[in-house]
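Visitor: Got a file for you: upload-v7.pdb, PDB, C-alpha atoms.
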ATOM      1  CA  ALA A   1      83.885 105.796 110.390
ATOM      2  CA  LYS A   2      80.189 105.632 109.518
ATOM      3  CA  ARG A   3      80.805 102.850 106.989
ATOM      4  CA  ILE A   4      82.626 100.784 109.604
ATOM      5  CA  VAL A   5      79.925 101.410 112.213
ATOM      6  CA  ASP A   6      77.225 100.447 109.694
ATOM      7  CA  LEU A   7      78.995  97.121 109.148
ATOM      8  CA  MET A   8      78.967  96.349 112.887
ATOM      9  CA  ALA A   9      77.074  98.317 115.516
ATOM     10  CA  PRO A  10      76.860 101.798 117.097
ATOM     11  CA  GLY A  11      80.224 102.976 118.372
ATOM     12  CA  ARG A  12      83.142 105.239 117.556
ATOM     13  CA  VAL A  13      86.201 104.640 115.393
ATOM     14  CA  PHE A  14      89.749 105.908 115.848
ATOM     15  CA  PHE A  15      92.020 105.791 112.799
ATOM     16  CA  CYS A  16      95.737 105.056 112.867
ATOM     17  CA  ASN A  17      98.291 103.487 110.528
ATOM     18  CA  SER A  18      98.676  99.815 111.436
ATOM     19  CA  GLY A  19      97.324  96.872 113.382
ATOM     20  CA  GLY A  20      99.962  97.367 116.055
ATOM     21  CA  GLU A  21      98.737 100.912 116.634
ATOM     22  CA  ALA A  22      95.133  99.744 116.657
ATOM     23  CA  ASN A  23      95.875  97.237 119.403
ATOM     24  CA  GLU A  24      97.745  99.882 121.389
ATOM     25  CA  GLY A  25      94.517 101.865 121.323
ATOM     26  CA  LEU A  26      92.649  98.908 122.829
ATOM     27  CA  PHE A  27      95.330  98.562 125.512
ATOM     28  CA  LYS A  28      94.941 102.237 126.441
ATOM     29  CA  LEU A  29      91.152 101.904 126.443
ATOM     30  CA  THR A  30      91.506  99.062 128.936
ATOM     31  CA  ARG A  31      93.797 101.081 131.220
ATOM     32  CA  LYS A  32      91.343 104.008 131.284
ATOM     33  CA  PHE A  33      88.365 101.704 131.785
ATOM     34  CA  GLY A  34      89.857  99.982 134.828
ATOM     35  CA  HIS A  35      91.904 102.858 136.214
ATOM     36  CA  ASP A  36      89.679 104.001 139.068
ATOM     37  CA  GLU A  37      89.394 100.441 140.391
ATOM     38  CA  ARG A  38      93.111  99.770 139.860
ATOM     39  CA  ARG A  39      92.355  97.161 137.233
ATOM     40  CA  TYR A  40      94.727  96.997 134.287
ATOM     41  CA  GLU A  41      95.355  93.354 133.384
ATOM     42  CA  ILE A  42      94.435  91.912 129.977
ATOM     43  CA  ILE A  43      94.123  88.148 129.493
ATOM     44  CA  THR A  44      95.046  86.903 126.005
ATOM     45  CA  ALA A  45      95.539  83.449 124.478
ATOM     46  CA  LEU A  46      98.527  81.221 123.941
ATOM     47  CA  ASP A  47      99.758  81.192 120.312
ATOM     48  CA  SER A  48      98.119  84.557 119.698
ATOM     49  CA  PHE A  49      99.705  87.488 117.884
ATOM     50  CA  HIS A  50      98.918  91.121 118.677
ATOM     51  CA  GLY A  51     101.715  93.136 117.079
ATOM     52  CA  ARG A  52     105.369  94.011 117.580
ATOM     53  CA  THR A  53     105.214  97.041 119.855
ATOM     54  CA  LEU A  54     106.453  96.409 123.395
ATOM     55  CA  ALA A  55     102.886  96.048 124.673
ATOM     56  CA  GLY A  56     101.950  94.025 121.590
ATOM     57  CA  ILE A  57     104.616  91.404 122.205
ATOM     58  CA  ALA A  58     103.668  91.270 125.893
ATOM     59  CA  ALA A  59     100.097  90.532 124.798
ATOM     60  CA  THR A  60     101.238  87.954 122.242
ATOM     61  CA  GLY A  61     101.193  84.330 123.369
ATOM     62  CA  GLN A  62     104.412  83.242 121.637
ATOM     63  CA  GLU A  63     107.764  83.068 123.415
ATOM     64  CA  LYS A  64     109.709  83.431 120.162
ATOM     65  CA  VAL A  65     108.207  86.903 119.689
ATOM     66  CA  LYS A  66     109.116  87.978 123.228
ATOM     67  CA  LYS A  67     112.702  86.683 123.182
ATOM     68  CA  GLY A  68     115.284  89.430 123.612
ATOM     69  CA  PHE A  69     112.793  92.095 124.664
ATOM     70  CA  GLU A  70     112.488  91.245 128.347
ATOM     71  CA  PRO A  71     111.333  92.436 130.794
ATOM     72  CA  MET A  72     107.839  92.334 129.363
ATOM     73  CA  VAL A  73     105.391  95.206 129.757
ATOM     74  CA  ALA A  74     103.290  94.396 132.832
ATOM     75  CA  GLY A  75      99.601  93.639 132.693
ATOM     76  CA  PHE A  76      99.277  90.670 130.344
ATOM     77  CA  LYS A  77      98.842  86.942 130.873
ATOM     78  CA  GLN A  78      98.062  84.085 128.486
ATOM     79  CA  VAL A  79      95.870  80.994 128.752
ATOM     80  CA  PRO A  80      95.046  78.225 126.230
ATOM     81  CA  PHE A  81      92.851  79.264 123.308
ATOM     82  CA  ASN A  82      89.275  77.938 123.047
ATOM     83  CA  ASP A  83      89.407  76.994 126.745
ATOM     84  CA  LEU A  84      86.680  78.963 128.481
ATOM     85  CA  GLU A  85      87.368  77.534 131.938
ATOM     86  CA  ALA A  86      91.055  78.449 131.697
ATOM     87  CA  MET A  87      90.054  81.994 130.861
ATOM     88  CA  ARG A  88      87.570  82.130 133.718
ATOM     89  CA  SER A  89      90.127  80.748 136.182
ATOM     90  CA  ALA A  90      92.724  83.358 135.178
ATOM     91  CA  ILE A  91      90.548  86.330 136.187
ATOM     92  CA  THR A  92      91.797  88.241 139.236
ATOM     93  CA  LYS A  93      90.888  91.487 140.960
ATOM     94  CA  SER A  94      93.359  93.216 138.596
ATOM     95  CA  THR A  95      91.724  91.951 135.389
ATOM     96  CA  ALA A  96      90.067  94.572 133.192
ATOM     97  CA  ALA A  97      89.736  92.915 129.772
ATOM     98  CA  ILE A  98      89.978  89.792 127.646
ATOM     99  CA  LEU A  99      91.562  90.069 124.188
ATOM    100  CA  VAL A 100      91.443  87.261 121.603
ATOM    101  CA  GLU A 101      91.485  86.697 117.865
ATOM    102  CA  ALA A 102      88.331  85.018 116.562
ATOM    103  CA  ILE A 103      90.679  83.187 114.187
ATOM    104  CA  GLN A 104      94.295  82.829 115.214
ATOM    105  CA  GLY A 105      96.478  83.250 112.153
ATOM    106  CA  GLU A 106      99.980  82.830 113.571
ATOM    107  CA  SER A 107      99.067  79.556 115.287
ATOM    108  CA  GLY A 108      98.132  78.036 111.935
ATOM    109  CA  ILE A 109      94.499  79.122 111.396
ATOM    110  CA  THR A 110      92.831  78.087 114.639
ATOM    111  CA  ILE A 111      89.162  79.062 114.705
ATOM    112  CA  ALA A 112      87.314  80.042 117.875
ATOM    113  CA  THR A 113      84.265  77.919 118.530
ATOM    114  CA  ARG A 114      80.866  79.563 118.748
ATOM    115  CA  GLU A 115      80.561  78.399 122.336
ATOM    116  CA  TYR A 116      83.897  79.996 123.209
ATOM    117  CA  LEU A 117      82.984  83.427 121.827
ATOM    118  CA  LEU A 118      79.536  83.404 123.404
ATOM    119  CA  GLY A 119      81.039  82.170 126.663
ATOM    120  CA  LEU A 120      83.634  84.953 126.694
ATOM    121  CA  ARG A 121      80.871  87.520 126.332
ATOM    122  CA  LYS A 122      79.047  86.000 129.299
ATOM    123  CA  VAL A 123      82.216  85.884 131.419
ATOM    124  CA  CYS A 124      83.012  89.520 130.651
ATOM    125  CA  ASP A 125      79.493  90.593 131.544
ATOM    126  CA  GLU A 126      79.651  88.674 134.825
ATOM    127  CA  HIS A 127      82.974  90.240 135.858
ATOM    128  CA  ASN A 128      82.565  93.720 134.323
ATOM    129  CA  LEU A 129      85.396  93.172 131.839
ATOM    130  CA  LEU A 130      85.896  94.516 128.330
ATOM    131  CA  LEU A 131      85.727  91.913 125.559
ATOM    132  CA  LEU A 132      88.212  92.921 122.866
ATOM    133  CA  LEU A 133      88.760  91.227 119.496
ATOM    134  CA  ASP A 134      91.830  91.508 117.286
ATOM    135  CA  GLU A 135      90.535  91.284 113.698
ATOM    136  CA  VAL A 136      93.659  92.700 112.045
ATOM    137  CA  GLN A 137      94.336  89.563 110.006
ATOM    138  CA  ALA A 138      90.978  87.783 109.916
ATOM    139  CA  GLY A 139      88.788  90.830 109.308
ATOM    140  CA  GLN A 140      88.039  93.025 106.315
ATOM    141  CA  PHE A 141      85.860  90.389 104.563
ATOM    142  CA  ARG A 142      88.575  87.719 104.422
ATOM    143  CA  THR A 143      86.133  85.119 105.769
ATOM    144  CA  GLY A 144      83.124  86.379 103.809
ATOM    145  CA  ARG A 145      81.885  88.778 106.481
ATOM    146  CA  PHE A 146      83.363  92.105 107.549
ATOM    147  CA  HIS A 147      84.853  90.476 110.628
ATOM    148  CA  SER A 148      85.502  86.818 111.342
ATOM    149  CA  TRP A 149      83.435  86.755 114.555
ATOM    150  CA  GLN A 150      80.423  87.730 112.435
ATOM    151  CA  ARG A 151      81.040  84.758 110.132
ATOM    152  CA  ILE A 152      81.550  82.310 113.004
ATOM    153  CA  LEU A 153      78.331  83.420 114.715
ATOM    154  CA  GLU A 154      76.186  84.179 111.680
ATOM    155  CA  ASP A 155      73.895  81.171 112.219
ATOM    156  CA  GLN A 156      73.459  81.933 115.921
ATOM    157  CA  ASP A 157      70.384  83.654 117.307
ATOM    158  CA  SER A 158      72.478  85.924 119.491
ATOM    159  CA  ASP A 159      72.982  89.615 120.195
ATOM    160  CA  PHE A 160      76.736  89.040 120.667
ATOM    161  CA  LEU A 161      78.820  92.187 120.416
ATOM    162  CA  PRO A 162      82.426  92.848 121.497
ATOM    163  CA  ASP A 163      83.380  96.058 123.293
ATOM    164  CA  GLY A 164      86.347  96.913 121.089
ATOM    165  CA  ILE A 165      87.801  95.661 117.797
ATOM    166  CA  SER A 166      91.146  96.340 116.129
ATOM    167  CA  MET A 167      91.516  96.225 112.341
ATOM    168  CA  ALA A 168      94.082  97.036 109.631
ATOM    169  CA  LYS A 169      95.758  95.061 106.782
ATOM    170  CA  GLY A 170      92.989  94.632 104.173
ATOM    171  CA  LEU A 171      91.186  97.756 105.387
ATOM    172  CA  GLY A 172      93.308  99.835 102.992
ATOM    173  CA  GLY A 173      93.878  97.214 100.329
ATOM    174  CA  GLY A 174      97.637  97.715 100.634
ATOM    175  CA  PHE A 175      97.593 101.359 101.683
ATOM    176  CA  PRO A 176      98.642 101.972 105.313
ATOM    177  CA  ILE A 177      95.617 102.422 107.553
ATOM    178  CA  GLY A 178      94.488 100.893 110.819
ATOM    179  CA  ALA A 179      91.537 101.527 113.090
ATOM    180  CA  PHE A 180      89.871 100.430 116.261
ATOM    181  CA  TRP A 181      86.157 100.499 116.956
ATOM    182  CA  VAL A 182      84.798 100.967 120.485
ATOM    183  CA  ARG A 183      81.270 100.230 121.551
ATOM    184  CA  GLU A 184      79.318 103.427 122.191
ATOM    185  CA  LYS A 185      78.939 102.883 125.942
ATOM    186  CA  PHE A 186      82.743 102.760 126.389
ATOM    187  CA  ALA A 187      83.863 105.237 123.734
ATOM    188  CA  GLY A 188      84.072 108.148 126.165
ATOM    189  CA  PHE A 189      87.012 106.642 128.058
ATOM    190  CA  LEU A 190      89.419 107.799 125.332
ATOM    191  CA  SER A 191      88.385 111.430 125.236
ATOM    192  CA  ALA A 192      90.140 114.260 123.420
ATOM    193  CA  GLY A 193      93.743 114.537 124.538
ATOM    194  CA  THR A 194      94.038 110.966 125.812
ATOM    195  CA  HIS A 195      94.978 109.388 122.464
ATOM    196  CA  ALA A 196      96.302 110.630 119.125
ATOM    197  CA  SER A 197      98.187 109.663 115.954
ATOM    198  CA  THR A 198      99.981 112.212 113.762
ATOM    199  CA  PHE A 199      99.053 110.563 110.464
ATOM    200  CA  GLY A 200      95.974 108.679 111.625
ATOM    201  CA  GLY A 201      92.827 109.215 109.596
ATOM    202  CA  THR A 202      94.329 111.373 106.845
ATOM    203  CA  PRO A 203      91.969 112.270 103.981
ATOM    204  CA  LEU A 204      94.036 110.166 101.564
ATOM    205  CA  ALA A 205      94.041 107.036 103.741
ATOM    206  CA  CYS A 206      90.314 107.301 104.439
ATOM    207  CA  ALA A 207      89.524 107.922 100.760
ATOM    208  CA  VAL A 208      91.446 104.784  99.821
ATOM    209  CA  ALA A 209      89.700 102.718 102.506
ATOM    210  CA  LEU A 210      86.295 103.976 101.341
ATOM    211  CA  ARG A 211      87.100 103.050  97.753
ATOM    212  CA  ILE A 212      88.162  99.580  98.915
ATOM    213  CA  LEU A 213      84.850  99.117 100.723
ATOM    214  CA  ASP A 214      82.978 100.361  97.639
ATOM    215  CA  THR A 215      84.838  97.902  95.404
ATOM    216  CA  ILE A 216      84.256  94.952  97.733
ATOM    217  CA  GLU A 217      80.534  95.750  97.828
ATOM    218  CA  ARG A 218      80.156  96.486  94.114
ATOM    219  CA  GLN A 219      82.006  93.361  92.961
ATOM    220  CA  ASP A 220      80.660  91.174  95.779
ATOM    221  CA  PHE A 221      84.103  90.064  96.922
ATOM    222  CA  ALA A 222      82.654  88.856 100.240
ATOM    223  CA  GLN A 223      80.696  86.197  98.385
ATOM    224  CA  ASN A 224      83.751  85.446  96.249
ATOM    225  CA  ALA A 225      85.758  84.828  99.437
ATOM    226  CA  ARG A 226      83.148  82.314 100.543
ATOM    227  CA  ARG A 227      82.842  80.588  97.162
ATOM    228  CA  ILE A 228      86.543  80.281  96.377
ATOM    229  CA  GLY A 229      87.312  79.463 100.000
ATOM    230  CA  GLU A 230      84.853  76.562  99.984
ATOM    231  CA  PHE A 231      86.292  75.362  96.667
ATOM    232  CA  LEU A 232      89.862  75.423  98.004
ATOM    233  CA  LEU A 233      88.924  73.731 101.269
ATOM    234  CA  GLY A 234      87.082  70.961  99.432
ATOM    235  CA  GLU A 235      89.941  70.285  97.032
ATOM    236  CA  LEU A 236      92.598  70.424  99.761
ATOM    237  CA  ARG A 237      90.641  68.048 102.000
ATOM    238  CA  ASP A 238      90.426  65.582  99.109
ATOM    239  CA  LEU A 239      94.191  65.918  98.705
ATOM    240  CA  LYS A 240      94.631  65.204 102.412
ATOM    241  CA  LYS A 241      92.605  61.996 102.149
ATOM    242  CA  LYS A 242      94.886  60.808  99.361
ATOM    243  CA  ASN A 243      98.052  61.758 101.260
ATOM    244  CA  PRO A 244      97.461  61.067 104.974
ATOM    245  CA  LYS A 245     101.183  60.603 105.655
ATOM    246  CA  ILE A 246     101.969  64.057 104.278
ATOM    247  CA  LEU A 247      98.970  66.181 105.288
ATOM    248  CA  ARG A 248      97.595  66.208 108.829
ATOM    249  CA  ASP A 249      94.758  68.738 108.575
ATOM    250  CA  VAL A 250      93.121  71.378 106.399
ATOM    251  CA  ARG A 251      91.067  74.077 108.095
ATOM    252  CA  GLY A 252      89.801  77.587 107.557
ATOM    253  CA  LEU A 253      86.993  79.986 106.760
ATOM    254  CA  GLY A 254      86.690  81.867 103.478
ATOM    255  CA  LEU A 255      90.106  82.882 102.149
ATOM    256  CA  MET A 256      91.930  82.168 105.388
ATOM    257  CA  ILE A 257      93.126  78.576 105.121
ATOM    258  CA  GLY A 258      95.717  76.557 106.996
ATOM    259  CA  ILE A 259      97.344  73.397 105.622
ATOM    260  CA  GLU A 260      98.984  71.358 108.366
ATOM    261  CA  PHE A 261     101.740  68.972 107.286
ATOM    262  CA  ASP A 262     103.278  66.076 109.149
ATOM    263  CA  PRO A 263     105.622  67.549 111.778
ATOM    264  CA  LYS A 264     108.690  66.216 109.960
ATOM    265  CA  PHE A 265     108.000  68.815 107.263
ATOM    266  CA  GLY A 266     108.798  72.296 108.552
ATOM    267  CA  ALA A 267     106.529  75.205 107.651
ATOM    268  CA  ILE A 268     109.396  77.382 106.382
ATOM    269  CA  GLU A 269     110.700  74.631 104.108
ATOM    270  CA  ILE A 270     107.202  73.967 102.731
ATOM    271  CA  ALA A 271     106.654  77.672 102.032
ATOM    272  CA  LYS A 272     110.025  77.785 100.263
ATOM    273  CA  ARG A 273     109.140  74.793  98.059
ATOM    274  CA  LEU A 274     105.811  76.376  97.118
ATOM    275  CA  HIS A 275     107.512  79.689  96.363
ATOM    276  CA  GLU A 276     109.740  77.830  93.907
ATOM    277  CA  LYS A 277     106.511  76.727  92.212
ATOM    278  CA  ASN A 278     105.369  80.379  92.062
ATOM    279  CA  LEU A 279     102.862  80.117  94.907
ATOM    280  CA  SER A 280     103.172  82.563  97.799
ATOM    281  CA  THR A 281     102.180  81.179 101.217
ATOM    282  CA  VAL A 282     102.916  82.188 104.802
ATOM    283  CA  PRO A 283     104.445  79.751 107.320
ATOM    284  CA  ALA A 284     102.768  79.411 110.710
ATOM    285  CA  ALA A 285     103.374  77.380 113.866
ATOM    286  CA  THR A 286     105.888  74.606 113.125
ATOM    287  CA  SER A 287     104.320  72.742 110.207
ATOM    288  CA  VAL A 288     101.457  74.845 108.834
ATOM    289  CA  VAL A 289     101.339  77.078 105.774
ATOM    290  CA  ARG A 290      98.666  79.717 105.384
ATOM    291  CA  LEU A 291      96.818  80.466 102.171
ATOM    292  CA  LEU A 292      95.703  84.110 102.234
ATOM    293  CA  PRO A 293      94.813  84.964  98.626
ATOM    294  CA  PRO A 294      93.342  88.335  97.650
ATOM    295  CA  LEU A 295      89.576  88.728  97.853
ATOM    296  CA  ASN A 296      89.354  89.026  94.059
ATOM    297  CA  VAL A 297      91.112  85.715  93.360
ATOM    298  CA  SER A 298      89.455  83.819  90.504
ATOM    299  CA  GLU A 299      88.638  80.121  90.335
ATOM    300  CA  SER A 300      91.239  79.594  87.611
ATOM    301  CA  GLU A 301      93.889  81.241  89.783
ATOM    302  CA  ALA A 302      92.819  79.065  92.710
ATOM    303  CA  GLU A 303      93.145  75.996  90.502
ATOM    304  CA  GLU A 304      96.632  77.070  89.476
ATOM    305  CA  GLY A 305      97.603  77.356  93.130
ATOM    306  CA  LEU A 306      96.128  73.928  93.856
ATOM    307  CA  ARG A 307      98.214  72.382  91.068
ATOM    308  CA  ALA A 308     101.346  73.812  92.686
ATOM    309  CA  ILE A 309     100.362  72.336  96.061
ATOM    310  CA  GLU A 310      99.499  68.968  94.518
ATOM    311  CA  SER A 311     102.844  68.900  92.722
ATOM    312  CA  MET A 312     104.741  69.716  95.892
ATOM    313  CA  VAL A 313     102.854  67.062  97.888
ATOM    314  CA  ALA A 314     103.657  64.515  95.177
ATOM    315  CA  ASP A 315     107.335  65.459  95.451
ATOM    316  CA  LEU A 316     107.236  64.920  99.215
ATOM    317  CA  ALA A 317     105.498  61.554  98.799
ATOM    318  CA  LYS A 318     108.240  60.348  96.451
ATOM    319  CA  GLN A 319     110.939  61.365  98.906
ATOM    320  CA  ASN A 320     109.274  59.696 101.870
TER     321      ASN A 320
END
Would you mind writing the structure in this file as structure tokens?
Guide:
Amino acid sequence: AKRIVDLMAPGRVFFCNSGGEANEGLFKLTRKFGHDERRYEIITALDSFHGRTLAGIAATGQEKVKKGFEPMVAGFKQVPFNDLEAMRSAITKSTAAILVEAIQGESGITIATREYLLGLRKVCDEHNLLLLLDEVQAGQFRTGRFHSWQRILEDQDSDFLPDGISMAKGLGGGFPIGAFWVREKFAGFLSAGTHASTFGGTPLACAVALRILDTIERQDFAQNARRIGEFLLGELRDLKKKNPKILRDVRGLGLMIGIEFDPKFGAIEIAKRLHEKNLSTVPAATSVVRLLPPLNVSESEAEEGLRAIESMVADLAKQN
């Protein structure tokens, strides 16, 4: 917990087993925070993803995730991402918190603007709302900083700080562990007896997570994420210029990159073609594939992946 706090700001950390559990903790924090004023609503963003628990899918801004699980858990609404005025207009007397991802992964790597994040902090302060960030996918040094909001705002002269952050995935380097951090001034809302997890924060899980943090620091994997990420983005953007009828956009930060294809090429089909060339990618939205390589990926491995992408793009160009 101290290592996580040292990487962010004073607060308290609750350990669990997954990102879904971590977000559930933020949902419960919000309910306790707004309870006495009968405020319980959380505003999230369209195309977001916040887990597959019942509350998680209610928070998620994708209809395909909700389908078949109606009626939705009450207390969530979605507005367009990166639209500060839409968020401001959605606030009601029942609103208690705003929850967003600083980088949306499921939507195809959509990055929050600096103005949006800073504006959300201002809106929350004006309306006495919690500002919550889901860093389950984008955090854990994937962008070159511990959390993606830190990377997005690193050149800003700002004292920006969220009120709660969920994390998991890379936190354990493959071993199951999740956590959520709460700013010190709000940490008392989840007091003893109000939240628990049978296997949360076991000595083994925490030992693994500590060793992961040690390894990232010792081998400077944060800088590697920046360096290799910039290399991949540069090469992929050159490929886009040469193939404008195949590739629509290339975007990302660090080792979180989205390649958007022409809509006639489906994301699942593209991911399948790349898998046949021994490159693992993750489909997103309708025509985007995500590159999420490990933090220790080497330049030669990145080049090998690029050759597979170039080959696949050449195949598509011949067929179209």
Visitor: Using only C-alpha atoms, can you tell me which of A:Asn296, A:Ser280, A:Asn23, A:Ser148 comes closest to Asn224 in chain A?
Guide: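 Nearest to Asn224 in chain A: A:Asn296.
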Visitor: Residues of range 149-179 of chain A that have any atom at most 12 Å from an atom of range 113-131 of chain A: could you tabulate them with the shortest-distance atom pair and the distance in Å to one decimal, using all atoms listed in the file, ordered by chain and increasing number, as CSV?
Guide:
residue,atom,partner,partner_atom,distance
A:Trp149,CA,A:Leu117,CA,8.0
A:Gln150,CA,A:Arg114,CA,10.3
A:Arg151,CA,A:Arg114,CA,10.1
A:Ile152,CA,A:Arg114,CA,6.4
A:Leu153,CA,A:Arg114,CA,6.1
A:Glu154,CA,A:Arg114,CA,9.7
A:Asp155,CA,A:Arg114,CA,9.7
A:Gln156,CA,A:Arg114,CA,8.3
A:Asp157,CA,A:Leu118,CA,11.0
A:Ser158,CA,A:Leu118,CA,8.5
A:Asp159,CA,A:Leu118,CA,9.6
A:Phe160,CA,A:Leu118,CA,6.9
A:Leu161,CA,A:Arg121,CA,7.8
A:Pro162,CA,A:Leu131,CA,5.3
A:Asp163,CA,A:Leu131,CA,5.3
A:Gly164,CA,A:Leu131,CA,6.7
A:Ile165,CA,A:Leu131,CA,8.9
A:Ser166,CA,A:Leu131,CA,11.7
Visitor: Nearest to Thr281 in chain A among A:Gln62, A:Leu54, A:Ile259, A:Ser18, with distances taken over all atoms listed in the file: which residue is it?
Guide: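 Residue with the minimum atom-to-atom distance to Thr281 in chain A: A:Ile259.
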Visitor: Starting from the shown file, work through the PyMOL selection byres ((chain A and resi 9) around 10) and note down what comes out as a ChimeraX atom specification.
Guide: /A:2,4-8,10-12,161-162,181-184
Visitor: Kindly resolve the PyMOL selection byres ((chain A and resi 104) around 10) on the present coordinates and return the residues as a ChimeraX atom specification.
Guide: /A:45-49,81,100-103,105-112,134-135,137-138
Visitor: For the structure provided, state which residues fall under the PyMOL selection byres ((chain A and resi 251) around 10), and present them as a short mmCIF file (atom, residue, chain, number, x, y, z; two decimals) with C-alpha atoms, in the frame of the given file.
Guide:
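Okay, this is what ended up in expr.cif:
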data_model
loop_
_atom_site.label_atom_id
_atom_site.label_comp_id
_atom_site.auth_asym_id
_atom_site.auth_seq_id
_atom_site.Cartn_x
_atom_site.Cartn_y
_atom_site.Cartn_z
CA GLY A 108 98.13 78.04 111.94
CA ILE A 109 94.50 79.12 111.40
CA THR A 110 92.83 78.09 114.64
CA ILE A 111 89.16 79.06 114.70
CA LEU A 233 88.92 73.73 101.27
CA LEU A 236 92.60 70.42 99.76
CA ARG A 237 90.64 68.05 102.00
CA ASP A 249 94.76 68.74 108.58
CA VAL A 250 93.12 71.38 106.40
CA GLY A 252 89.80 77.59 107.56
CA LEU A 253 86.99 79.99 106.76
CA MET A 256 91.93 82.17 105.39
CA ILE A 257 93.13 78.58 105.12
CA GLY A 258 95.72 76.56 107.00
CA ILE A 259 97.34 73.40 105.62
CA GLU A 260 98.98 71.36 108.37
CA ARG A 290 98.67 79.72 105.38
#
Visitor: From the list A:Gly305, A:Gly172, A:Gly201, A:Gly68, which residue is nearest His275 in chain A when using all atoms listed in the file?
Guide: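 Using all atoms listed in the file, His275 in chain A sits closest to A:Gly305.
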Visitor: Which is closest to Gly266 in chain A among A:Ala196, A:Leu210, A:Leu279, A:Val289, if we use all atoms listed in the file?
Guide: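 Comparing A:Ala196, A:Leu210, A:Leu279, A:Val289 against Gly266 in chain A, the winner is A:Val289.
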Visitor: So what do you get for CA of Leu190 in chain A versus CA of Leu29 in chain A, distance-wise?
Guide: 6.2 Å
Visitor: Please build the interface table for range 92-185 of chain A against range 225-231 of chain A with a cut-off of 9 Å, listing for each qualifying residue the nearest atom pair and the distance in Å to one decimal; count only C-alpha atoms, order rows by chain and increasing number, and write it as CSV.
Guide:
residue,atom,partner,partner_atom,distance
A:Phe141,CA,A:Ala225,CA,7.6
A:Arg142,CA,A:Ala225,CA,6.4
A:Thr143,CA,A:Ala225,CA,6.3
A:Gly144,CA,A:Arg226,CA,5.2
A:Arg145,CA,A:Arg226,CA,8.9
Visitor: Between A:Val13, A:Ile42, A:Val288, A:Ala59, which one has atoms that come closest to Ala90 in chain A, using only C-alpha atoms?
Guide: A:Ile42
Visitor: Just want the 12 Å neighbourhood of Thr215 in chain A, counted on all atoms listed in the file, with same-chain residues fewer than 2 positions away dropped. Output as an mmCIF file with C-alpha atoms, in the coordinates of the input.
Guide:
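Contents of result01.cif, freshly written:
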data_model
loop_
_atom_site.group_PDB
_atom_site.id
_atom_site.type_symbol
_atom_site.label_atom_id
_atom_site.label_comp_id
_atom_site.auth_asym_id
_atom_site.auth_seq_id
_atom_site.Cartn_x
_atom_site.Cartn_y
_atom_site.Cartn_z
ATOM 1 C CA PHE A 141 85.860 90.389 104.563
ATOM 2 C CA LEU A 171 91.186 97.756 105.387
ATOM 3 C CA GLY A 172 93.308 99.835 102.992
ATOM 4 C CA GLY A 173 93.878 97.214 100.329
ATOM 5 C CA VAL A 208 91.446 104.784 99.821
ATOM 6 C CA ALA A 209 89.700 102.718 102.506
ATOM 7 C CA LEU A 210 86.295 103.976 101.341
ATOM 8 C CA ARG A 211 87.100 103.050 97.753
ATOM 9 C CA ILE A 212 88.162 99.580 98.915
ATOM 10 C CA LEU A 213 84.850 99.117 100.723
ATOM 11 C CA GLU A 217 80.534 95.750 97.828
ATOM 12 C CA ARG A 218 80.156 96.486 94.114
ATOM 13 C CA GLN A 219 82.006 93.361 92.961
ATOM 14 C CA ASP A 220 80.660 91.174 95.779
ATOM 15 C CA PHE A 221 84.103 90.064 96.922
ATOM 16 C CA ALA A 222 82.654 88.856 100.240
ATOM 17 C CA LEU A 295 89.576 88.728 97.853
ATOM 18 C CA ASN A 296 89.354 89.026 94.059
#
Visitor: So what do you get for CA of Phe69 in chain A versus CA of Glu24 in chain A, distance-wise?
Guide: 17.3 Å
Visitor: Compile the contact shell of Phe199 in chain A as JSON, numbers by chain: residues with an atom at most 10 Å away, counting only C-alpha atoms, same-chain residues fewer than 3 positions apart removed.
Guide: {"A": [15, 16, 17, 177, 196, 202, 203, 205]}
Visitor: Select, counting only C-alpha atoms, all protein, DNA and RNA residues no farther than 10 Å from (100.9, 65.6, 105.0) in file coordinates, and express the selection as JSON, numbers by chain.
Guide: {"A": [239, 240, 241, 242, 243, 244, 245, 246, 247, 248, 249, 250, 259, 260, 261, 262, 263, 264, 265, 287, 313, 316, 317]}
Visitor: Compile the contact shell of Arg38 in chain A as a PyMOL selection string: residues with an atom at most 10 Å away, counting all atoms listed in the file, same-chain residues fewer than 6 positions apart removed.
Guide: chain A and resi 31-32+93-96
Visitor: Mind pulling up the distance from CA of Val136 in chain A to CA of Lys169 in chain A?
Guide: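 Computing the Euclidean distance for CA of Lys169 in chain A and CA of Val136 in chain A yields 6.1 Å.
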Visitor: Taking all atoms listed in the file into account, which of A:Gly254, A:Gly34, A:Gly20, A:Gly139 comes nearest Pro293 in chain A?
Guide: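 Nearest to Pro293 in chain A: A:Gly254.
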Visitor: Skipping near chain neighbours, those fewer than 5 positions away, what residues fall within 7 Å of Gly51 in chain A using all atoms listed in the file, listed as a count of residues only?
Guide: 4
